[in-house]
>>> print(open('start_34.cif').read())   # mmCIF, C-alpha atoms
data_entry
loop_
_atom_site.label_atom_id
_atom_site.label_comp_id
_atom_site.auth_asym_id
_atom_site.auth_seq_id
_atom_site.Cartn_x
_atom_site.Cartn_y
_atom_site.Cartn_z
CA MET N 122 96.90 93.23 35.92
CA THR N 123 95.40 95.59 38.51
CA HIS N 124 96.70 93.44 41.37
CA VAL N 125 100.31 94.28 40.43
CA PHE N 126 99.75 97.76 39.03
CA PRO N 127 101.60 99.66 41.86
CA TYR N 128 104.68 97.48 41.29
CA LEU N 129 104.60 98.36 37.61
CA ILE N 130 104.47 102.05 38.56
CA ALA N 131 107.69 101.50 40.53
CA VAL N 132 109.28 99.86 37.47
CA TRP N 133 108.18 102.78 35.29
CA ILE N 134 109.64 105.38 37.71
CA PHE N 135 112.91 103.45 37.84
CA LEU N 136 113.20 103.26 34.04
CA VAL N 137 112.36 106.95 33.64
CA GLY N 138 115.15 107.75 36.11
CA CYS N 139 117.59 105.53 34.17
CA TYR N 140 116.67 107.24 30.90
CA GLY N 141 117.29 110.63 32.52
CA LEU N 142 120.66 109.47 33.88
CA ALA N 143 121.84 108.19 30.50
CA THR N 144 120.78 111.26 28.50
CA SER N 145 121.66 113.89 31.11
CA ARG N 146 123.59 116.96 29.93
CA ASN N 147 124.07 118.39 33.42
CA LEU N 148 125.51 116.65 36.47
CA ILE N 149 123.04 118.30 38.87
CA HIS N 150 120.23 117.00 36.65
CA ALA N 151 121.88 113.56 36.80
CA VAL N 152 121.87 113.65 40.61
CA GLY N 153 118.16 114.50 40.42
CA CYS N 154 117.61 111.52 38.08
CA LEU N 155 119.35 109.23 40.56
CA ALA N 156 116.90 110.49 43.21
CA VAL N 157 114.04 109.59 40.82
CA CYS N 158 115.47 106.06 40.43
CA GLN N 159 115.61 105.78 44.17
CA SER N 160 112.05 106.97 44.67
CA ALA N 161 110.99 103.91 42.65
CA THR N 162 112.22 101.81 45.56
CA TYR N 163 110.03 103.78 48.00
CA VAL N 164 106.99 103.07 45.85
CA LEU N 165 107.92 99.38 45.58
CA LEU N 166 108.54 98.97 49.32
CA LEU N 167 105.36 100.71 50.40
CA ALA N 168 103.33 98.84 47.76
CA VAL N 169 104.67 95.52 49.05
CA GLY N 170 103.65 96.43 52.60
CA TYR N 171 100.16 97.69 51.77
CA ARG N 172 97.11 95.81 52.93
CA ASP N 173 93.49 96.58 51.97
CA GLY N 174 91.54 98.44 54.65
CA ALA N 175 94.56 98.62 56.95
CA THR N 176 95.83 101.54 59.00
CA ALA N 177 99.24 102.80 60.17
CA PRO N 178 101.12 100.45 62.53
CA VAL N 179 101.17 102.99 65.36
CA PHE N 180 99.29 102.34 68.60
CA SER N 181 99.36 105.77 70.21
CA ASP N 182 95.64 106.19 69.47
CA LEU N 183 94.67 102.70 68.33
CA GLU N 184 93.62 99.73 70.43
CA PRO N 185 95.91 96.77 69.51
CA GLY N 186 94.10 94.07 67.56
CA THR N 187 91.12 96.17 66.48
CA ARG N 188 92.18 96.87 62.89
CA PRO N 189 94.46 95.28 60.32
CA LEU N 190 97.82 97.03 59.95
CA VAL N 191 100.10 97.69 57.01
CA ASP N 192 103.53 96.04 57.17
CA PRO N 193 105.84 98.07 59.49
CA VAL N 194 109.01 96.25 58.35
CA VAL N 195 108.95 97.67 54.82
CA GLN N 196 108.06 101.11 56.20
CA ALA N 197 111.21 100.99 58.33
CA LEU N 198 113.15 99.91 55.23
CA ALA N 199 111.72 102.87 53.30
CA LEU N 200 112.95 105.18 56.08
CA THR N 201 116.45 103.69 55.80
CA ASP N 202 116.20 104.11 52.04
CA ILE N 203 115.31 107.81 52.34
CA VAL N 204 118.17 108.52 54.75
CA VAL N 205 120.73 106.77 52.57
CA GLY N 206 119.31 108.55 49.50
CA ALA N 207 119.68 111.94 51.17
CA THR N 208 123.30 111.28 52.17
CA VAL N 209 124.21 110.03 48.71
CA THR N 210 122.61 113.11 47.14
CA ALA N 211 124.54 115.41 49.49
CA LEU N 212 127.84 113.69 48.73
CA LEU N 213 127.22 113.70 44.97
CA LEU N 214 126.27 117.38 44.98
CA ALA N 215 129.51 118.14 46.85
CA LEU N 216 131.41 116.24 44.14
CA VAL N 217 129.55 118.14 41.40
CA LEU N 218 130.54 121.42 43.07
CA GLN N 219 134.18 120.38 42.97
CA VAL N 220 133.89 119.25 39.34
CA ALA N 221 132.34 122.59 38.41
CA LYS N 222 135.19 124.44 40.14
CA ARG N 223 138.04 122.37 38.71
CA HIS N 224 136.76 121.87 35.17
CA GLY N 225 134.46 124.84 34.72
CA THR N 226 131.63 122.69 33.35
CA VAL N 227 128.95 120.34 34.64
CA ASP N 228 128.21 118.68 31.29
CA PRO N 229 129.32 115.03 31.59
CA ASP N 230 130.04 114.88 27.84
CA GLU N 231 132.72 117.57 28.19
CA LEU N 232 134.40 115.83 31.11
CA SER N 233 135.97 113.02 29.07
CA GLU N 234 139.58 114.20 29.05
CA LEU N 235 141.93 113.36 31.91
CA ARG N 236 143.51 116.19 33.80
CA GLY N 237 146.34 115.98 36.30
CA MET I 277 130.37 107.16 22.10
CA SER I 278 128.04 109.29 20.03
CA ARG I 279 124.67 110.34 21.41
CA ARG I 280 122.77 108.29 18.85
CA LEU I 281 124.72 105.11 19.65
CA ARG I 282 124.29 105.69 23.34
CA LEU I 283 120.53 106.03 22.95
CA ALA I 284 120.41 102.82 20.91
CA VAL I 285 122.33 100.90 23.61
CA LEU I 286 120.06 102.41 26.24
CA ALA I 287 116.93 101.41 24.28
CA VAL I 288 118.09 97.77 23.98
CA GLY I 289 119.16 97.52 27.63
CA GLY I 290 116.13 99.42 28.89
CA THR I 291 113.68 97.23 26.96
CA GLY I 292 115.32 94.07 28.29
CA LEU I 293 115.35 95.37 31.85
CA ALA I 294 111.74 96.55 31.58
CA ALA I 295 110.63 93.12 30.30
CA LEU I 296 112.44 91.30 33.13
CA LEU I 297 111.10 93.68 35.80
CA VAL I 298 107.52 93.38 34.49
CA LEU I 299 107.81 89.57 34.47
CA ALA I 300 109.10 89.69 38.06
CA CYS I 301 106.24 92.01 39.11
CA LEU I 302 103.60 89.68 37.65
CA ASP I 303 104.80 86.96 40.05
CA LEU I 304 104.73 89.14 43.18
CA PRO I 305 101.97 88.60 45.76
CA SER I 306 99.01 90.76 44.74
CA PHE I 307 98.83 94.34 45.99
CA GLY I 308 96.90 94.92 49.23
CA GLY I 309 96.84 91.22 50.13
CA ARG I 310 96.36 89.93 53.66
CA TRP I 311 99.54 87.85 53.84
CA HIS I 312 102.22 89.81 55.77
CA PRO I 313 103.94 87.31 58.10
CA TYR I 314 106.95 89.51 58.90
CA GLY I 315 104.78 92.56 59.56
CA GLU I 316 102.53 90.61 61.91
CA ALA I 317 105.51 89.14 63.77
CA ALA I 318 107.01 92.63 64.13
CA VAL I 319 103.74 94.04 65.48
CA ARG I 320 103.50 91.20 68.03
CA ALA I 321 107.10 91.74 69.18
CA SER I 322 106.54 95.48 69.38
CA LEU I 323 103.49 95.04 71.64
CA ASP I 324 105.45 92.57 73.79
CA ARG I 325 108.09 95.23 74.36
CA HIS I 326 105.60 98.06 74.97
CA THR I 327 106.60 100.20 71.98
CA ALA I 328 103.58 101.98 70.50
CA ASN I 329 105.23 103.02 67.22
CA THR I 330 106.00 99.76 65.46
CA VAL I 331 108.14 101.44 62.80
CA ALA I 332 110.42 102.92 65.49
CA PHE I 333 110.48 99.49 67.14
CA VAL I 334 111.66 97.85 63.91
CA ASN I 335 114.34 100.51 63.42
CA PHE I 336 115.71 100.69 66.96
CA ASP I 337 115.12 97.19 68.27
CA LEU I 338 114.72 94.49 65.62
CA ARG I 339 116.98 96.22 63.10
CA ALA I 340 119.13 98.24 65.53
CA HIS I 341 122.27 96.90 63.84
CA ASP I 342 121.09 98.15 60.45
CA THR I 343 120.32 101.54 61.93
CA LEU I 344 123.88 101.59 63.26
CA GLY I 345 125.09 101.03 59.71
CA GLU I 346 122.72 103.64 58.36
CA MET I 347 123.92 106.14 60.93
CA SER I 348 127.54 105.39 60.03
CA ILE I 349 126.72 106.05 56.37
CA LEU I 350 125.26 109.43 57.34
CA PHE I 351 128.32 110.19 59.47
CA ALA I 352 130.71 109.17 56.70
CA ALA I 353 128.80 111.28 54.17
CA VAL I 354 129.06 114.31 56.47
CA VAL I 355 132.81 113.77 56.86
CA GLY I 356 133.10 113.37 53.09
CA CYS I 357 131.20 116.60 52.41
CA VAL I 358 133.26 118.50 54.98
CA VAL I 359 136.44 117.35 53.22
CA LEU I 360 135.14 117.98 49.69
CA LEU I 361 133.70 121.41 50.45
CA ARG I 362 136.64 122.80 52.42
CA GLN I 363 138.24 126.07 51.45
CA ALA I 364 140.85 125.35 48.78
CA ARG I 365 144.25 127.03 48.48
CA ASP I 366 143.16 129.27 45.62
CA GLU I 367 140.05 130.50 47.43
CA HIS I 368 139.42 133.08 50.10
CA ARG I 369 136.56 134.00 52.38
CA GLU I 370 134.52 137.06 51.58
CA PRO I 371 132.40 138.35 54.48
CA PRO I 372 128.77 138.10 53.28
CA GLN I 373 127.01 141.40 52.64
CA PRO I 374 123.71 141.87 54.45
CA SER I 375 120.81 142.53 52.12
CA ASP I 376 117.20 143.54 52.64
CA VAL I 377 114.62 140.86 53.35
CA ALA I 378 110.99 141.46 52.36
CA PRO I 379 109.09 142.25 55.60
CA PRO I 380 106.46 139.49 55.18
CA VAL I 381 109.22 136.88 54.67
CA ARG I 382 111.05 138.15 57.74
CA ARG I 383 107.90 138.16 59.88
CA TYR I 384 106.80 134.72 58.75
CA ALA I 385 110.25 133.15 59.12
CA LEU I 386 110.81 134.51 62.61
CA LEU I 387 107.28 133.48 63.63
CA VAL I 388 107.62 129.94 62.31
CA LEU I 389 111.19 129.37 63.54
CA PRO I 390 110.39 128.62 67.22
CA VAL I 391 107.30 126.60 66.24
CA ALA I 392 109.29 124.49 63.76
CA LEU I 393 112.08 123.96 66.28
CA VAL I 394 109.66 122.76 68.97
CA VAL I 395 107.84 120.52 66.46
CA GLY I 396 111.19 118.99 65.50
CA LEU I 397 112.11 118.29 69.12
CA TYR I 398 108.59 116.95 69.78
CA VAL I 399 108.84 114.56 66.85
CA VAL I 400 112.23 113.30 68.13
CA ALA I 401 111.01 112.90 71.72
CA HIS I 402 107.81 111.04 70.74
CA GLY I 403 109.49 108.79 68.19
CA GLN I 404 108.63 105.63 70.14
CA LEU I 405 104.94 106.62 70.48
CA SER I 406 103.69 108.45 67.40
CA PRO I 407 104.80 108.67 63.77
CA GLY I 408 108.24 110.24 63.55
CA GLY I 409 111.51 109.63 65.34
CA GLY I 410 115.09 110.75 65.41
CA PHE I 411 115.61 110.90 61.65
CA GLN I 412 112.47 112.85 60.80
CA GLY I 413 112.51 115.18 63.83
CA GLY I 414 116.23 115.83 63.41
CA VAL I 415 115.73 117.09 59.86
CA VAL I 416 112.82 119.33 60.95
CA ALA I 417 114.83 120.83 63.84
CA ALA I 418 117.89 121.42 61.65
CA THR I 419 115.94 123.12 58.87
CA ALA I 420 114.09 125.24 61.47
CA LEU I 421 117.40 126.88 62.37
CA HIS I 422 117.90 127.85 58.74
CA LEU I 423 114.73 129.92 58.75
CA LEU I 424 116.99 132.48 60.41
CA TYR I 425 118.95 132.69 57.15
CA LEU I 426 115.74 133.42 55.24
CA GLY I 427 114.32 135.80 57.84
CA ALA I 428 117.44 137.68 58.89
CA ASP I 429 120.81 137.13 57.21
CA TYR I 430 123.75 134.76 57.06
CA ARG I 431 125.64 136.38 59.93
CA ALA I 432 122.65 135.91 62.26
CA LEU I 433 122.59 132.24 61.31
CA GLU I 434 126.33 131.89 61.93
CA ARG I 435 125.92 133.33 65.43
CA VAL I 436 123.37 130.71 66.53
CA ARG I 437 125.16 127.93 64.70
CA PRO I 438 128.78 127.43 65.79
CA ILE I 439 129.81 124.72 63.32
CA GLY I 440 132.49 123.25 65.58
CA THR I 441 129.93 122.50 68.28
CA TYR I 442 127.62 120.77 65.79
CA GLU I 443 130.48 118.70 64.41
CA VAL I 444 131.31 117.54 67.95
CA THR I 445 127.60 116.85 68.64
CA ASP I 446 127.41 114.77 65.47
CA ALA I 447 130.26 112.58 66.72
CA LEU I 448 128.77 112.45 70.22
CA GLY I 449 125.41 111.27 68.85
CA THR I 450 127.17 108.48 66.98
CA CYS I 451 129.11 107.55 70.13
CA ALA I 452 125.94 107.62 72.27
CA TYR I 453 124.34 105.02 69.99
CA LEU I 454 127.40 102.78 70.32
CA VAL I 455 127.55 103.28 74.09
CA VAL I 456 123.89 102.22 74.49
CA GLY I 457 124.74 99.14 72.41
CA LEU I 458 127.85 98.36 74.45
CA ALA I 459 125.92 98.82 77.72
CA GLY I 460 124.01 95.70 76.70
CA VAL I 461 127.28 93.77 76.33
CA LEU I 462 128.51 94.96 79.75
CA ALA I 463 125.18 93.96 81.32
CA GLY I 464 125.66 90.42 80.03
CA THR I 465 123.23 90.43 77.08
CA ALA I 466 124.10 91.16 73.45
CA PHE I 467 125.19 94.25 71.53
CA LEU I 468 122.15 96.49 70.91
CA ALA I 469 119.76 93.89 72.36
CA ASN I 470 116.79 95.60 73.93
CA THR I 471 116.78 93.62 77.16
CA LEU I 472 118.66 96.10 79.31
CA LEU I 473 116.00 98.47 80.60
CA PRO I 474 112.45 97.81 81.87
CA TYR I 475 109.89 98.20 79.08
CA GLY I 476 107.75 100.66 81.09
CA THR I 477 104.04 101.45 80.72
CA PHE I 478 102.69 101.09 77.19
CA ASN I 479 102.18 104.41 75.35
CA THR I 480 104.16 106.61 77.76
CA LEU I 481 107.34 108.58 76.97
CA SER I 482 109.62 106.20 78.87
CA SER I 483 108.25 102.98 77.35
CA GLY I 484 110.14 100.68 75.01
CA GLY I 485 113.41 99.96 76.86
CA THR I 486 116.39 101.31 74.93
CA VAL I 487 114.28 102.49 71.96
CA PRO I 488 113.86 106.09 73.27
CA LEU I 489 117.58 106.32 74.07
CA LEU I 490 118.70 105.14 70.63
CA ASN I 491 116.05 107.38 69.08
CA ALA I 492 117.40 110.42 70.98
CA ALA I 493 120.97 109.60 69.94
CA ILE I 494 119.86 109.43 66.31
CA GLY I 495 117.92 112.69 66.68
CA MET I 496 121.04 114.41 67.99
CA GLU I 497 123.20 112.98 65.22
CA VAL I 498 120.80 113.79 62.39
CA THR I 499 120.18 117.36 63.59
CA SER I 500 123.88 118.14 63.74
CA ALA I 501 124.63 116.25 60.52
CA VAL I 502 122.04 118.24 58.55
CA VAL I 503 123.22 121.52 60.10
CA VAL I 504 126.85 120.74 59.20
CA LEU I 505 125.94 119.64 55.65
CA LEU I 506 123.82 122.71 54.95
CA ALA I 507 126.49 124.95 56.52
CA ARG I 508 129.15 123.58 54.15
CA PHE I 509 126.96 124.12 51.09
CA LEU I 510 125.93 127.61 52.27
CA ASP I 511 129.59 128.49 52.90
CA GLN I 512 130.35 127.60 49.29
CA ALA I 513 127.44 129.66 48.02
CA VAL I 514 127.78 132.69 50.27
CA GLU I 515 131.29 133.07 51.65
CA ILE I 516 133.97 131.21 49.71
CA GLU I 517 135.08 133.05 46.57
CA GLU I 518 137.62 132.01 44.00
CA GLU I 519 140.76 134.16 43.71
CA GLN I 520 140.61 136.52 40.76
CA GLY I 521 142.73 135.54 37.75
CA SER I 522 143.39 131.95 38.87
#
>>> encode(input="start_34.cif", output="structure tokens")
Amino acid sequence: MTHVFPYLIAVWIFLVGCYGLATSRNLIHAVGCLAVCQSATYVLLLAVGYRDGATAPVFSDLEPGTRPLVDPVVQALALTDIVVGATVTALLLALVLQVAKRHGTVDPDELSELRG
Amino acid sequence: MSRRLRLAVLAVGGTGLAALLVLACLDLPSFGGRWHPYGEAAVRASLDRHTANTVAFVNFDLRAHDTLGEMSILFAAVVGCVVLLRQARDEHREPPQPSDVAPPVRRYALLVLPVALVVGLYVVAHGQLSPGGGFQGGVVAATALHLLYLGADYRALERVRPIGTYEVTDALGTCAYLVVGLAGVLAGTAFLANTLLPYGTFNTLSSGGTVPLLNAAIGMEVTSAVVVLLARFLDQAVEIEEEQGS
């Protein structure tokens, strides 16, 4: 069990985020929950790339070949993930601002009716 | 759908998803293992091409196409936010009123501002050598500018931050990335292939072929993108007011 524990943490974070999304009463809170879901993927990616006793894959002060390195590919993927997450959050918050202005509420349950 | 029903559906779906994810996790290679073939191949390629920061190498050489996509997403999101957060017909601009800032906040903000700005630019410039790069440094540099809003007031920030210029810089950064990619095509290799420039001396600023150039283009784009995004949100919070009685 301990050899997959970090992956299970990622699963737990993802499910907590999903629960928050489904029960959210405030759109800004929902955007925050989406960010929680996404942080599960950071944990998963970095856990996949981890290696016991290894150091960062950066050679500015490290002689190549002297120490084992963690996986740089998943670290680069995590960076991509963070950037995309930030842009999505910005865009969603802009949408929430417009919803708040046009409908006067940010409670998703009160946004069911169509308005022209 | 009532709240109770929704929670019941969520409980069923969530339990199923949790069971499937846990089963999948149990079959993954164990945490901290020594088997990382892709990582090792990336490190070897990075050393071949004299790039000290392997993560930057993966982003700007091996996966340069993906970074192009990522940058386009950022650019599209900025355009989307600019459109969504524009001044609507039933709104007007209210000049922001200056208000007092607590002296310690002002002192600290103005002291840290130049340091943060230089750190941001340093992180961008050394992206191919040490941890960091265009994305990280760009965000630091852009937020450094906003210390002026905390330390002084909104009008001071608006003076050092002409939005039009940053919008143009954002587009120019995106173009610069494409131009570096196209230079490879013109030189007879492939789009975004890092075979154009000499790889230089390992662990110096000019090492890594096109990696520092792409990194600088991204730094420029991210700095201006974050400045534009924050400016649009701050405009909504500080300046744009709804018309009374609408």
>>> resolve_selection(input="start_34.cif", expression="the PyMOL selection byres ((chain N and resi 149) around 10)", output="list in words")
Ser145, Arg146, Asn147, Leu148, His150, Ala151, Val152, Gly153, Cys154, Leu155, Thr210, Leu213, Leu214, Val217, Leu218, Val227 and Asp228 of chain N
>>> write_last_selection(input="start_34.cif", atoms="C-alpha atoms", output="PDB file, keeping the file's coordinate frame")
ATOM      1  CA  SER N 145     121.660 113.890  31.110  1.00  0.00           C
ATOM      2  CA  ARG N 146     123.590 116.960  29.930  1.00  0.00           C
ATOM      3  CA  ASN N 147     124.070 118.390  33.420  1.00  0.00           C
ATOM      4  CA  LEU N 148     125.510 116.650  36.470  1.00  0.00           C
ATOM      5  CA  HIS N 150     120.230 117.000  36.650  1.00  0.00           C
ATOM      6  CA  ALA N 151     121.880 113.560  36.800  1.00  0.00           C
ATOM      7  CA  VAL N 152     121.870 113.650  40.610  1.00  0.00           C
ATOM      8  CA  GLY N 153     118.160 114.500  40.420  1.00  0.00           C
ATOM      9  CA  CYS N 154     117.610 111.520  38.080  1.00  0.00           C
ATOM     10  CA  LEU N 155     119.350 109.230  40.560  1.00  0.00           C
ATOM     11  CA  THR N 210     122.610 113.110  47.140  1.00  0.00           C
ATOM     12  CA  LEU N 213     127.220 113.700  44.970  1.00  0.00           C
ATOM     13  CA  LEU N 214     126.270 117.380  44.980  1.00  0.00           C
ATOM     14  CA  VAL N 217     129.550 118.140  41.400  1.00  0.00           C
ATOM     15  CA  LEU N 218     130.540 121.420  43.070  1.00  0.00           C
ATOM     16  CA  VAL N 227     128.950 120.340  34.640  1.00  0.00           C
ATOM     17  CA  ASP N 228     128.210 118.680  31.290  1.00  0.00           C
TER      18      ASP N 228
END
>>> interface_residues(input="start_34.cif", of="chain I", to="chain N", cutoff="8 Å", atoms="all atoms listed in the file", output="number ranges by chain")
I: 282-283, 286, 290, 294, 297-298, 301-302, 304-310, 312, 314-316, 318-319, 328-332, 334-335, 343, 346, 349-350, 353-354, 356-357, 360-361, 405-407, 411, 479, 505, 509
>>> atom_distance(input="start_34.cif", atom1="atom CA of I:Thr465", atom2="atom CA of I:Val498")
27.7 Å
>>> residues_around(input="start_34.cif", residues="I:Glu518", least_positions_apart="6", cutoff="7 Å", atoms="all atoms listed in the file", output="MDAnalysis selection string")
chainID I and resid 366:368
>>> residues_around(input="start_34.cif", residues="I:Gly457", least_positions_apart="6", cutoff="8 Å", atoms="only C-alpha atoms", output="PyMOL selection string")
chain I and resi 467-469
>>> atom_distance(input="start_34.cif", atom1="atom CA of I:Val504", atom2="atom CA of I:Ile439")
6.4 Å
>>> atom_distance(input="start_34.cif", atom1="atom CA of I:Leu423", atom2="atom CA of I:Val381")
9.8 Å
>>> resolve_selection(input="start_34.cif", expression="the PyMOL selection byres ((chain I and resi 393-395) around 8)", output="PDB file with C-alpha atoms, in the frame of the given file")
ATOM      1  CA  LEU I 389     111.190 129.370  63.540  1.00  0.00           C
ATOM      2  CA  PRO I 390     110.390 128.620  67.220  1.00  0.00           C
ATOM      3  CA  VAL I 391     107.300 126.600  66.240  1.00  0.00           C
ATOM      4  CA  ALA I 392     109.290 124.490  63.760  1.00  0.00           C
ATOM      5  CA  GLY I 396     111.190 118.990  65.500  1.00  0.00           C
ATOM      6  CA  LEU I 397     112.110 118.290  69.120  1.00  0.00           C
ATOM      7  CA  TYR I 398     108.590 116.950  69.780  1.00  0.00           C
ATOM      8  CA  VAL I 399     108.840 114.560  66.850  1.00  0.00           C
ATOM      9  CA  GLY I 413     112.510 115.180  63.830  1.00  0.00           C
ATOM     10  CA  VAL I 416     112.820 119.330  60.950  1.00  0.00           C
ATOM     11  CA  ALA I 417     114.830 120.830  63.840  1.00  0.00           C
ATOM     12  CA  ALA I 418     117.890 121.420  61.650  1.00  0.00           C
ATOM     13  CA  ALA I 420     114.090 125.240  61.470  1.00  0.00           C
ATOM     14  CA  LEU I 421     117.400 126.880  62.370  1.00  0.00           C
TER      15      LEU I 421
END
>>> closest_residue(input="start_34.cif", among="I:Gly403, I:Gly460, I:Gly449, I:Gly410", to="I:Thr480", atoms="all atoms listed in the file")
I:Gly403
>>> residues_around(input="start_34.cif", residues="I:Arg365", least_positions_apart="5", cutoff="12 Å", atoms="all atoms listed in the file", output="list in words")
Ile516, Glu517, Glu518, Glu519 and Ser522 of chain I
>>> axis_aligned_box(input="start_34.cif", around="stretch 495-513 of chain I", padding_each_side="3 Å", output="AutoDock Vina command-line options")
--center_x 124.1 --center_y 121.2 --center_z 58.0 --size_x 18.4 --size_y 23.0 --size_z 26.0
>>> residues_near_point(input="start_34.cif", point="(129.6, 137.9, 53.1)", cutoff="7 Å", atoms="all atoms listed in the file", output="number ranges by chain")
I: 370-373, 514-515
>>> closest_residue(input="start_34.cif", among="I:Arg279, I:Ala378, I:Ala459, I:Gly485", to="I:Thr471", atoms="all atoms listed in the file")
I:Gly485
>>> closest_residue(input="start_34.cif", among="N:Thr226, N:Gly138, N:Val220, N:Glu184", to="N:Ser160", atoms="all atoms listed in the file")
N:Gly138
>>> resolve_selection(input="start_34.cif", expression="the PyMOL selection byres ((chain I and resi 488) around 10)", output="ChimeraX atom specification")
/I:327,332-333,336,400-405,409-410,481-487,489-494
